[in-house]
Amino acid sequence: MKVTMTVNGKERSAETEGRTLLSEYLREGLRLTGTHVGCDTSQCGACLVHVDGQPAKACTVLAQDCEGAEVTTIEGMANADGSLSRIQQAFQDHHGLQCGFCTPGMVMAAAALLKDNPQPTEADVRHYLEGNICRCTGYHNIVKSVLAASGQSVEPVAAE
Amino acid sequence: MPKDTGIGASSKRREDVRFLTGKGRYTDDINVAGQAHVVFLRSDMAHGRINSIDTADAAAMPGVIRVFTGADFEGVGTIPCGWQVTDRHGEPMQEPPHPILAQGKVRHVGDPYAAVVAETAAQARDAAEAIVADIEELTPVIDMKAALADGAPKVHDDLKNNLCYDWGFVEENKAAVDEAFQNAAHVTTLELVNNRLVANPMEPRVAVGDYAAHDDSSTLYTTSQNPHVIRLLMGAFVLGIPEHKLRVVAPDVGGGFGTKIFHYAEEAFCTFAAKAIQRPVKWTSTRGEAFMSDAHGRDHVSKIELALDADHNFTALRTETYANMGAYLSTFAPSIPTWLHGTLMAGNYKTPLVYVNVKAVFTNTVPVDAYRGAGRPEATFQLERVVDKAARELGVDPVELRRKNFITEFPYQTPVAVEYDTGDYNATMDKLLELIDRDGFEARRKESEARGKLRGLGLNCYIEACGIAPSQLVGQLGARAGLYESATVRVNATGGLVVMTGSHSHGQGHETSFAQVVSDMIGIPEDQVEIVHGDTANTPMGMGTYGSRSLAVGGSAIVKATDKIIAKAKKIAAHLMEASPDDVELKDGAFTVAGTDKSVAWGDVTLAAYVPHNYPLEDIEPGLEETAFYDPNNFTYPSGAYACEVEVDPETGKVDVISFAAADDFGNVVNPMIVEGQVHGGVAQGIGQALLENCAYDENGQLLSASYMDYAMPRAHDVPMIKVDHSCQTPCTHNPLGVKGCGEAGAIGSPPSVVNAVIDALQSAGHDVTHIDMPLTPPRVWAAMNGANATGGGGTAHGRSVGAGDTATH
Ligand code: FES
Ligand code: FES
């Protein structure tokens, strides 16, 4: 069955089976490979996207349930001119990523958090990211990146 | 004043832009036209005899192209081991074959015995369920000591027993060590485990095999830390494909931590099957499969004894370790508990006599190999725990006991073969004490106690051998490969350059830091330097990234190649300026002649190299491209001192890490931001090992922790902000950058601090607890406090690092 949704502001469609997950639809159907799959138990958050403005783990959503939905993925997060958005820029400035595999999910989670809570504390950030696993950074610089993206001052990165 | 470009600058990472916008190109993002998908059928029992496998129904399912079993691989090579250890009696280790698909027996849960290739992954999965296998269950061996008992079931019927090797190091020291123990004023003994872990890079493994009939060549896209090593192992030893007909590409790789070093059966399968069916074949691991097929890490059961004289000088050290190899020998498995572990047992101390015994054992579990630190965390944990225990037994300050025994003169020849070139262990200890406000600890402890919590402070030192490795030395030690690194620097006519490196980046930021080095040497902007890695078709033969070797070995190769470029460019510049090459200097991207105002720009020289109209053709060739191979003449020895403060809830046994500090000596530092990020990540993995992570098997060999529901990965709220310092720098004396490597330090140095801190907290409340086995989960800590079981249900009495029902979950 063909499923159509608005992805990053454009109407897109692809064939699905009943069991096709939103993550598979995006990655294989639309070739939007920025959404990653890091687990099979809804634990890691690498697949996090926004569906109708709410964060959703794309590996736990059936594509056919998203017919007509508004979906935003990491590919839709940069500024209109292609430059890094405030959150993305904060991740680069504060070394909030290493291998980059968890990063799309982290950025999408950070965007969702800051929408609800524009001035989170360190504890708020750590609590909110409970569903996103990063194996590289030890979270230190991810937390800093999110706090910096909220406009709060954080210690600069090394030797800055 | 910190620099803003070149060596020493915290340059922002160029690779981040693609990762932050979803433009990374990971292996699973690669789809080759016409590709089919493979799903492996994996054993659900730990040990069984394969009587028959009926694939007829599966082969008839929709979309199925072909079903493979072990029988399809008769005459094909097996997955090789890259290191041969010689045992105490001079005999080579026992080395069983590792077939691509199981033949005759399945030997661990997850051992693949059939594979379905179909049009889609879903069709392959459906068909795999239709395979009917008659596998007769055999008694498994899981416990290492039980595996060595007479009459134990054998993992490999053709081997004498389950002992891979019994290694003594240094065997000639044994009698002297034993004698020192007889004469000791005090002996501290500790039995402990180093828990089995799963590396868990967030990107699961993927392999895509492709075959081109027109030139009979194969290409493998794979999630590897070292594509050339895979090409060599798979081409030469498994599939018989010469290197000029085999290309291995490891594009963006989502973390490795060691587990993506090794050559895996799935890689060979996809390459083989692509030729067999004349179509590309893709495999994407699920996380569940990753838990039962990625090589695991650690899993040592050890006894360590430390002998001291009446003045508290360490006089001898003796250890006995059982090291789990799992069911097959993974690529570097035999070297981890031996040459990467025994050689580090001197630690930061001038203990004159050391004897290390290691028994490597086959069990019906997933193969065990390098995981971040690889052998060095196991050495550090034993040593720094036993030193802490000795300080408590003797009633002396653990810092002072360490200082008293520190090595202070360098170079220092240890009794375990390695020679430390530089270090200053007092300096990193001083720096650590400055970071942690040790004097304020008692007040913080009182404050915690007022809230009903027990507070502990733990610290430790570490030393590691990195910059792996001098080829001739490791050759003598049993390595079946050289461990140099390579670089080709290609300068283009317009002055930009491309560096093709044999190192591989899977999170370390090489594209940025390597460019910093070259831009600094020539004096041109970093963005004029492109770093290419990860493809055997366009990089020189290199050994890849692991063992904190990329900058120390790979970076040195880049420096050597760039030196050659500069030397040749100076000759060209000398010709253009009509000067002697010896008088030409290169600075800030311009060549000048000392004592004159003559100058030519870098770009003029590079252009002349490719448009040699005015050029010394009789002396030098046109073009500007150089290759260097760098083989280090020693390891590098990063070292440091770490500290951790914890709070323990006496009601539940839950441990919270309140603060963590790391003072490291990495020698010179190229990009401080990246270095600090490496330490953060390593420390989080070490805290994970100490408190959360446990790869657990039950007595039937069932893997109990095969998902993120059961295997507790550290999450954002499990780790604190981490204080790091790398200002103590004793540069490496034998590589041109003076760097030592920083990738593994955090994971090596942190577990003993955490455990020492918990013991400190418990003892402060009068609990006579001297050790708890990792991970220090609430049930284990609670049991230790309440005398239920002083080692928290761990397996030191047995040969297992984890007990059944002992998994930690969130
Ligand atoms: S892939 Fe969706 S949570 Fe892990
Ligand atoms: S950056 Fe590698 S998993 Fe987060």
# chains A, B, ... in the order shown; residues from 1 in each chain; ligands from 1
call {"tool": "residues_near_ligand", "arguments": {"ligand": "ligand 2", "cutoff": "8 Å", "atoms": "only C-alpha atoms and all ligand atoms", "output": "list in words"}}
result
Gly96, Leu97, Gln98, Cys99, Gly100, Phe101, Cys102, Thr103, Ile133, Cys134, Arg135, Cys136 and Thr137 of chain A; Pro201, Met202, Glu203, Gly254, Gly255 and Gly507 of chain B
call {"tool": "write_last_selection", "arguments": {"atoms": "N, CA, C and O atoms", "output": "PDB file, in the first residue's frame"}}
result
ATOM      1  N   GLY A  96      29.484  17.855  20.735  1.00  0.00           N
ATOM      2  CA  GLY A  96      28.431  16.981  21.252  1.00  0.00           C
ATOM      3  C   GLY A  96      28.234  15.720  20.428  1.00  0.00           C
ATOM      4  O   GLY A  96      27.205  15.050  20.574  1.00  0.00           O
ATOM      5  N   LEU A  97      29.186  15.414  19.571  1.00  0.00           N
ATOM      6  CA  LEU A  97      29.064  14.174  18.799  1.00  0.00           C
ATOM      7  C   LEU A  97      30.445  13.665  18.451  1.00  0.00           C
ATOM      8  O   LEU A  97      31.390  14.443  18.322  1.00  0.00           O
ATOM      9  N   GLN A  98      30.549  12.362  18.355  1.00  0.00           N
ATOM     10  CA  GLN A  98      31.801  11.752  17.900  1.00  0.00           C
ATOM     11  C   GLN A  98      31.529  10.949  16.637  1.00  0.00           C
ATOM     12  O   GLN A  98      31.763  11.428  15.532  1.00  0.00           O
ATOM     13  N   CYS A  99      30.997   9.734  16.782  1.00  0.00           N
ATOM     14  CA  CYS A  99      30.767   8.936  15.564  1.00  0.00           C
ATOM     15  C   CYS A  99      29.556   9.425  14.784  1.00  0.00           C
ATOM     16  O   CYS A  99      29.390   9.091  13.623  1.00  0.00           O
ATOM     17  N   GLY A 100      28.684  10.167  15.434  1.00  0.00           N
ATOM     18  CA  GLY A 100      27.542  10.733  14.742  1.00  0.00           C
ATOM     19  C   GLY A 100      26.344   9.819  14.609  1.00  0.00           C
ATOM     20  O   GLY A 100      25.327  10.226  14.047  1.00  0.00           O
ATOM     21  N   PHE A 101      26.423   8.611  15.137  1.00  0.00           N
ATOM     22  CA  PHE A 101      25.316   7.679  14.885  1.00  0.00           C
ATOM     23  C   PHE A 101      24.087   7.999  15.735  1.00  0.00           C
ATOM     24  O   PHE A 101      22.960   7.922  15.267  1.00  0.00           O
ATOM     25  N   CYS A 102      24.316   8.390  16.998  1.00  0.00           N
ATOM     26  CA  CYS A 102      23.190   8.747  17.861  1.00  0.00           C
ATOM     27  C   CYS A 102      22.711  10.163  17.583  1.00  0.00           C
ATOM     28  O   CYS A 102      21.662  10.576  18.074  1.00  0.00           O
ATOM     29  N   THR A 103      23.531  10.921  16.847  1.00  0.00           N
ATOM     30  CA  THR A 103      23.365  12.371  16.753  1.00  0.00           C
ATOM     31  C   THR A 103      22.010  12.823  16.198  1.00  0.00           C
ATOM     32  O   THR A 103      21.392  13.727  16.772  1.00  0.00           O
ATOM     33  N   ILE A 133      20.530   6.748  23.726  1.00  0.00           N
ATOM     34  CA  ILE A 133      21.819   6.228  24.177  1.00  0.00           C
ATOM     35  C   ILE A 133      22.917   6.749  23.259  1.00  0.00           C
ATOM     36  O   ILE A 133      22.786   6.695  22.031  1.00  0.00           O
ATOM     37  N   CYS A 134      23.986   7.226  23.871  1.00  0.00           N
ATOM     38  CA  CYS A 134      25.203   7.567  23.134  1.00  0.00           C
ATOM     39  C   CYS A 134      26.328   6.746  23.742  1.00  0.00           C
ATOM     40  O   CYS A 134      26.499   6.734  24.954  1.00  0.00           O
ATOM     41  N   ARG A 135      27.099   6.063  22.904  1.00  0.00           N
ATOM     42  CA  ARG A 135      28.204   5.264  23.434  1.00  0.00           C
ATOM     43  C   ARG A 135      29.526   6.023  23.383  1.00  0.00           C
ATOM     44  O   ARG A 135      30.496   5.564  23.960  1.00  0.00           O
ATOM     45  N   CYS A 136      29.553   7.142  22.660  1.00  0.00           N
ATOM     46  CA  CYS A 136      30.846   7.804  22.419  1.00  0.00           C
ATOM     47  C   CYS A 136      31.169   8.925  23.396  1.00  0.00           C
ATOM     48  O   CYS A 136      32.310   9.052  23.825  1.00  0.00           O
ATOM     49  N   THR A 137      30.228   9.782  23.672  1.00  0.00           N
ATOM     50  CA  THR A 137      30.556  11.077  24.279  1.00  0.00           C
ATOM     51  C   THR A 137      30.534  11.080  25.788  1.00  0.00           C
ATOM     52  O   THR A 137      30.941  12.071  26.400  1.00  0.00           O
TER      53      THR A 137
ATOM     54  N   PRO B 201      28.921  -0.404  20.062  1.00  0.00           N
ATOM     55  CA  PRO B 201      28.845   0.824  19.268  1.00  0.00           C
ATOM     56  C   PRO B 201      27.399   0.998  18.833  1.00  0.00           C
ATOM     57  O   PRO B 201      26.692   0.002  18.612  1.00  0.00           O
ATOM     58  N   MET B 202      26.935   2.241  18.734  1.00  0.00           N
ATOM     59  CA  MET B 202      25.497   2.424  18.463  1.00  0.00           C
ATOM     60  C   MET B 202      25.116   1.981  17.061  1.00  0.00           C
ATOM     61  O   MET B 202      23.965   1.643  16.802  1.00  0.00           O
ATOM     62  N   GLU B 203      26.072   1.969  16.153  1.00  0.00           N
ATOM     63  CA  GLU B 203      25.770   1.446  14.823  1.00  0.00           C
ATOM     64  C   GLU B 203      25.995  -0.056  14.826  1.00  0.00           C
ATOM     65  O   GLU B 203      27.128  -0.515  15.031  1.00  0.00           O
ATOM     66  N   GLY B 254      29.853   4.003  12.751  1.00  0.00           N
ATOM     67  CA  GLY B 254      29.216   4.557  13.944  1.00  0.00           C
ATOM     68  C   GLY B 254      29.734   3.985  15.232  1.00  0.00           C
ATOM     69  O   GLY B 254      29.021   3.351  15.986  1.00  0.00           O
ATOM     70  N   GLY B 255      31.013   4.218  15.490  1.00  0.00           N
ATOM     71  CA  GLY B 255      31.632   3.728  16.726  1.00  0.00           C
ATOM     72  C   GLY B 255      32.186   2.331  16.522  1.00  0.00           C
ATOM     73  O   GLY B 255      31.691   1.548  15.697  1.00  0.00           O
ATOM     74  N   GLY B 507      34.658   8.076  14.745  1.00  0.00           N
ATOM     75  CA  GLY B 507      34.242   8.956  15.827  1.00  0.00           C
ATOM     76  C   GLY B 507      35.368   9.802  16.375  1.00  0.00           C
ATOM     77  O   GLY B 507      35.137  10.762  17.113  1.00  0.00           O
TER      78      GLY B 507
END
call {"tool": "residues_near_ligand", "arguments": {"ligand": "ligand 1", "cutoff": "7 Å", "atoms": "only C-alpha atoms and all ligand atoms", "output": "ChimeraX atom specification"}}
result
/A:36-48,57-60
call {"tool": "write_last_selection", "arguments": {"atoms": "N, CA, C and O atoms", "output": "tab-separated table (two decimals), in the first residue's frame"}}
result
chain	number	residue	atom	x	y	z
A	36	HIS	N	18.49	6.93	11.99
A	36	HIS	CA	19.26	5.70	12.19
A	36	HIS	C	18.49	4.67	13.01
A	36	HIS	O	17.57	5.02	13.75
A	37	VAL	N	18.92	3.43	12.90
A	37	VAL	CA	18.32	2.35	13.68
A	37	VAL	C	19.43	1.70	14.50
A	37	VAL	O	20.35	1.11	13.94
A	38	GLY	N	19.33	1.85	15.81
A	38	GLY	CA	20.40	1.33	16.67
A	38	GLY	C	19.97	0.18	17.54
A	38	GLY	O	20.79	-0.41	18.25
A	39	CYS	N	18.68	-0.16	17.54
A	39	CYS	CA	18.25	-1.27	18.39
A	39	CYS	C	16.95	-1.84	17.86
A	39	CYS	O	16.42	-1.37	16.87
A	40	ASP	N	16.47	-2.85	18.55
A	40	ASP	CA	15.22	-3.46	18.15
A	40	ASP	C	14.25	-3.55	19.32
A	40	ASP	O	13.33	-4.34	19.34
A	41	THR	N	14.50	-2.73	20.34
A	41	THR	CA	13.62	-2.76	21.52
A	41	THR	C	13.19	-1.36	21.95
A	41	THR	O	12.85	-1.14	23.10
A	42	SER	N	13.23	-0.40	21.03
A	42	SER	CA	12.76	0.96	21.35
A	42	SER	C	13.52	1.62	22.48
A	42	SER	O	12.95	2.37	23.25
A	43	GLN	N	14.81	1.33	22.57
A	43	GLN	CA	15.57	1.82	23.72
A	43	GLN	C	16.55	2.93	23.38
A	43	GLN	O	16.89	3.73	24.24
A	44	CYS	N	17.06	2.98	22.15
A	44	CYS	CA	18.25	3.79	21.92
A	44	CYS	C	17.98	5.19	21.43
A	44	CYS	O	18.80	6.08	21.60
A	45	GLY	N	16.86	5.41	20.76
A	45	GLY	CA	16.53	6.77	20.32
A	45	GLY	C	17.25	7.25	19.07
A	45	GLY	O	17.07	8.40	18.67
A	46	ALA	N	18.05	6.40	18.43
A	46	ALA	CA	18.76	6.83	17.22
A	46	ALA	C	17.77	7.17	16.10
A	46	ALA	O	18.11	7.90	15.18
A	47	CYS	N	16.56	6.64	16.22
A	47	CYS	CA	15.55	6.78	15.17
A	47	CYS	C	14.57	7.91	15.44
A	47	CYS	O	13.56	8.02	14.76
A	48	LEU	N	14.87	8.74	16.45
A	48	LEU	CA	13.86	9.73	16.87
A	48	LEU	C	13.57	10.76	15.76
A	48	LEU	O	14.48	11.36	15.20
A	57	LYS	N	9.75	7.67	18.35
A	57	LYS	CA	10.77	6.73	17.91
A	57	LYS	C	10.23	6.03	16.66
A	57	LYS	O	9.27	5.27	16.72
A	58	ALA	N	10.87	6.31	15.53
A	58	ALA	CA	10.33	5.85	14.25
A	58	ALA	C	10.34	4.33	14.13
A	58	ALA	O	9.65	3.78	13.29
A	59	CYS	N	11.12	3.67	14.98
A	59	CYS	CA	11.14	2.20	14.93
A	59	CYS	C	9.95	1.60	15.65
A	59	CYS	O	9.79	0.38	15.63
A	60	THR	N	9.15	2.42	16.30
A	60	THR	CA	8.00	1.86	17.03
A	60	THR	C	6.68	2.28	16.40
A	60	THR	O	5.62	2.02	16.94
call {"tool": "interface_residues", "arguments": {"of": "chain B", "to": "chain A", "cutoff": "6 Å", "atoms": "only C-alpha atoms", "output": "list in words"}}
result
Pro2, Phe19, Thr21, Gly22, Asp29, Met202, Glu203, Gly254, Gly255, Arg287, His506, Gly507, Pro672, Met673, His680, Gly681, Ala684, Arg715, Ala716, His717 and Met721 of chain B
call {"tool": "select_by_dssp", "arguments": {"residues": "chain A", "states": "alpha helix (DSSP H)", "output": "VMD selection string"}}
result
chain A and resid 22 to 24 86 to 93 103 to 116 122 to 128 140 to 149
call {"tool": "closest_residue", "arguments": {"among": "B:Ala60, B:Lys568, B:Asp216, B:Gly48", "to": "Asp619 in chain B", "atoms": "only C-alpha atoms"}}
result
B:Lys568
call {"tool": "atom_distance", "arguments": {"atom1": "CA of Gln763 in chain B", "atom2": "CA of Pro714 in chain B"}}
result
26.2 Å
call {"tool": "residues_around", "arguments": {"residues": "Arg88 in chain B", "least_positions_apart": "3", "cutoff": "10 Å", "atoms": "only C-alpha atoms", "output": "PDB file with N, CA and C atoms, in the first residue's frame"}}
result
ATOM      1  N   VAL B  85      49.871 -17.312  20.405  1.00  0.00           N
ATOM      2  CA  VAL B  85      50.565 -17.241  21.692  1.00  0.00           C
ATOM      3  C   VAL B  85      51.260 -18.573  21.957  1.00  0.00           C
ATOM      4  N   GLU B  91      54.985 -24.475  23.694  1.00  0.00           N
ATOM      5  CA  GLU B  91      54.091 -25.035  22.680  1.00  0.00           C
ATOM      6  C   GLU B  91      53.151 -23.960  22.153  1.00  0.00           C
ATOM      7  N   PRO B  92      52.773 -24.038  20.860  1.00  0.00           N
ATOM      8  CA  PRO B  92      51.787 -23.073  20.355  1.00  0.00           C
ATOM      9  C   PRO B  92      50.407 -23.326  20.959  1.00  0.00           C
ATOM     10  N   TYR B 165      45.642 -21.951  25.892  1.00  0.00           N
ATOM     11  CA  TYR B 165      47.047 -21.929  26.288  1.00  0.00           C
ATOM     12  C   TYR B 165      47.149 -21.664  27.777  1.00  0.00           C
ATOM     13  N   ASP B 166      48.299 -22.011  28.336  1.00  0.00           N
ATOM     14  CA  ASP B 166      48.637 -21.712  29.728  1.00  0.00           C
ATOM     15  C   ASP B 166      49.940 -20.923  29.644  1.00  0.00           C
ATOM     16  N   TRP B 167      49.844 -19.624  29.907  1.00  0.00           N
ATOM     17  CA  TRP B 167      50.945 -18.685  29.578  1.00  0.00           C
ATOM     18  C   TRP B 167      51.580 -18.182  30.866  1.00  0.00           C
ATOM     19  N   GLY B 168      52.893 -18.178  30.906  1.00  0.00           N
ATOM     20  CA  GLY B 168      53.590 -17.660  32.088  1.00  0.00           C
ATOM     21  C   GLY B 168      54.498 -16.521  31.693  1.00  0.00           C
ATOM     22  N   PHE B 169      54.484 -15.444  32.499  1.00  0.00           N
ATOM     23  CA  PHE B 169      55.209 -14.260  32.062  1.00  0.00           C
ATOM     24  C   PHE B 169      55.680 -13.479  33.275  1.00  0.00           C
ATOM     25  N   VAL B 170      56.908 -13.290  33.519  1.00  0.00           N
ATOM     26  CA  VAL B 170      57.998 -13.870  32.752  1.00  0.00           C
ATOM     27  C   VAL B 170      58.344 -15.198  33.435  1.00  0.00           C
ATOM     28  N   GLU B 171      58.292 -16.272  32.667  1.00  0.00           N
ATOM     29  CA  GLU B 171      58.414 -17.607  33.246  1.00  0.00           C
ATOM     30  C   GLU B 171      59.703 -17.731  34.061  1.00  0.00           C
ATOM     31  N   ASN B 357      50.371 -15.361  35.279  1.00  0.00           N
ATOM     32  CA  ASN B 357      49.955 -16.612  34.641  1.00  0.00           C
ATOM     33  C   ASN B 357      48.554 -16.417  34.072  1.00  0.00           C
ATOM     34  N   VAL B 358      48.379 -16.817  32.826  1.00  0.00           N
ATOM     35  CA  VAL B 358      47.069 -16.683  32.193  1.00  0.00           C
ATOM     36  C   VAL B 358      46.683 -18.007  31.544  1.00  0.00           C
TER      37      VAL B 358
END
call {"tool": "residues_around", "arguments": {"residues": "Leu497 in chain B", "least_positions_apart": "6", "cutoff": "12 Å", "atoms": "only C-alpha atoms", "output": "number ranges by chain"}}
result
B: 488-491, 515, 518-519, 522, 524-532, 562, 565, 602-603, 606, 624-626
call {"tool": "atom_distance", "arguments": {"atom1": "CA of Ala390 in chain B", "atom2": "CA of Ala316 in chain B"}}
result
13.1 Å
call {"tool": "select_by_dssp", "arguments": {"residues": "range 251-385 of chain B", "states": "strand (DSSP E or B)", "output": "VMD selection string"}}
result
chain B and resid 252 281 to 284 296 to 297 300 to 308 314 to 326 349 353 to 362 368
call {"tool": "write_last_selection", "arguments": {"atoms": "N, CA and C atoms", "output": "compact mmCIF listing (two decimals), in the first residue's frame"}}
result
# COMPACT_ATOMS: atom_id res chain seq x y z
N ASP B 252 31.64 5.96 6.70
CA ASP B 252 31.40 6.43 8.06
C ASP B 252 31.01 5.23 8.92
N VAL B 281 24.93 -8.69 -2.05
CA VAL B 281 24.24 -9.27 -0.88
C VAL B 281 24.50 -8.39 0.34
N LYS B 282 23.43 -7.99 0.98
CA LYS B 282 23.54 -7.07 2.12
C LYS B 282 23.06 -7.73 3.40
N TRP B 283 23.80 -7.48 4.46
CA TRP B 283 23.39 -7.93 5.80
C TRP B 283 23.44 -6.76 6.76
N THR B 284 22.36 -6.57 7.48
CA THR B 284 22.32 -5.54 8.52
C THR B 284 21.99 -6.23 9.83
N HIS B 296 32.72 -10.14 22.30
CA HIS B 296 32.56 -9.52 23.62
C HIS B 296 33.93 -9.08 24.15
N GLY B 297 33.90 -8.43 25.31
CA GLY B 297 35.16 -7.96 25.89
C GLY B 297 35.32 -8.39 27.34
N HIS B 300 37.55 -11.84 32.61
CA HIS B 300 38.67 -12.47 33.29
C HIS B 300 38.27 -12.79 34.73
N VAL B 301 38.79 -13.89 35.22
CA VAL B 301 38.67 -14.22 36.64
C VAL B 301 40.10 -14.33 37.16
N SER B 302 40.44 -13.51 38.15
CA SER B 302 41.85 -13.38 38.54
C SER B 302 42.05 -13.48 40.04
N LYS B 303 43.26 -13.90 40.37
CA LYS B 303 43.74 -13.79 41.74
C LYS B 303 45.04 -12.99 41.67
N ILE B 304 45.13 -11.96 42.47
CA ILE B 304 46.34 -11.14 42.45
C ILE B 304 46.89 -11.05 43.86
N GLU B 305 48.21 -11.15 43.98
CA GLU B 305 48.87 -11.04 45.29
C GLU B 305 49.98 -10.02 45.18
N LEU B 306 50.05 -9.16 46.20
CA LEU B 306 51.08 -8.12 46.24
C LEU B 306 51.92 -8.32 47.50
N ALA B 307 53.23 -8.41 47.32
CA ALA B 307 54.14 -8.57 48.46
C ALA B 307 54.80 -7.23 48.77
N LEU B 308 54.87 -6.89 50.08
CA LEU B 308 55.49 -5.64 50.50
C LEU B 308 56.53 -5.93 51.57
N PHE B 314 56.80 -2.20 47.42
CA PHE B 314 56.29 -3.39 46.73
C PHE B 314 57.51 -4.24 46.33
N THR B 315 57.50 -5.50 46.72
CA THR B 315 58.66 -6.34 46.38
C THR B 315 58.34 -7.37 45.30
N ALA B 316 57.08 -7.74 45.18
CA ALA B 316 56.74 -8.71 44.13
C ALA B 316 55.24 -8.71 43.90
N LEU B 317 54.89 -9.14 42.70
CA LEU B 317 53.48 -9.22 42.32
C LEU B 317 53.27 -10.53 41.58
N ARG B 318 52.15 -11.19 41.91
CA ARG B 318 51.89 -12.48 41.29
C ARG B 318 50.41 -12.55 40.94
N THR B 319 50.10 -12.96 39.73
CA THR B 319 48.69 -13.07 39.36
C THR B 319 48.42 -14.39 38.66
N GLU B 320 47.19 -14.82 38.80
CA GLU B 320 46.71 -15.98 38.04
C GLU B 320 45.36 -15.60 37.45
N THR B 321 45.24 -15.68 36.14
CA THR B 321 44.02 -15.23 35.47
C THR B 321 43.47 -16.32 34.56
N TYR B 322 42.16 -16.49 34.63
CA TYR B 322 41.44 -17.31 33.66
C TYR B 322 40.79 -16.34 32.68
N ALA B 323 41.12 -16.48 31.41
CA ALA B 323 40.62 -15.54 30.39
C ALA B 323 39.73 -16.30 29.42
N ASN B 324 38.51 -15.80 29.27
CA ASN B 324 37.56 -16.49 28.42
C ASN B 324 37.81 -16.13 26.95
N MET B 325 37.98 -17.16 26.13
CA MET B 325 38.14 -16.95 24.69
C MET B 325 36.81 -17.08 23.97
N GLY B 326 35.79 -17.63 24.65
CA GLY B 326 34.55 -17.96 23.95
C GLY B 326 34.74 -19.21 23.12
N TYR B 349 54.48 1.38 39.03
CA TYR B 349 55.27 1.09 40.23
C TYR B 349 56.56 0.35 39.90
N LEU B 353 59.76 -7.53 40.83
CA LEU B 353 59.50 -8.90 40.39
C LEU B 353 58.01 -9.09 40.12
N VAL B 354 57.72 -9.57 38.93
CA VAL B 354 56.32 -9.76 38.55
C VAL B 354 56.19 -11.11 37.83
N TYR B 355 55.17 -11.84 38.21
CA TYR B 355 54.87 -13.07 37.45
C TYR B 355 53.37 -13.14 37.17
N VAL B 356 53.07 -13.33 35.91
CA VAL B 356 51.68 -13.35 35.46
C VAL B 356 51.40 -14.70 34.82
N ASN B 357 50.37 -15.36 35.28
CA ASN B 357 49.96 -16.61 34.64
C ASN B 357 48.55 -16.42 34.07
N VAL B 358 48.38 -16.82 32.83
CA VAL B 358 47.07 -16.68 32.19
C VAL B 358 46.68 -18.01 31.54
N LYS B 359 45.50 -18.46 31.90
CA LYS B 359 44.95 -19.65 31.24
C LYS B 359 43.80 -19.19 30.37
N ALA B 360 43.95 -19.36 29.09
CA ALA B 360 42.89 -18.96 28.16
C ALA B 360 42.03 -20.19 27.86
N VAL B 361 40.73 -20.01 27.94
CA VAL B 361 39.83 -21.15 27.97
C VAL B 361 38.73 -21.01 26.92
N PHE B 362 38.47 -22.12 26.23
CA PHE B 362 37.32 -22.15 25.32
C PHE B 362 36.07 -22.49 26.10
N VAL B 368 35.50 -13.75 22.62
CA VAL B 368 35.88 -12.56 23.39
C VAL B 368 37.15 -11.98 22.77
call {"tool": "atom_distance", "arguments": {"atom1": "CA of Val754 in chain B", "atom2": "CA of Ala643 in chain B"}}
result
7.8 Å
call {"tool": "residues_around", "arguments": {"residues": "His50 in chain A", "least_positions_apart": "3", "cutoff": "6 Å", "atoms": "only C-alpha atoms", "output": "list in words"}}
result
Gly53, Gln54, Pro55, Ala56, Val71 and Thr72 of chain A
call {"tool": "closest_residue", "arguments": {"among": "B:Phe237, B:Tyr425, B:Glu464, B:Thr219", "to": "Leu340 in chain B", "atoms": "only C-alpha atoms"}}
result
B:Glu464
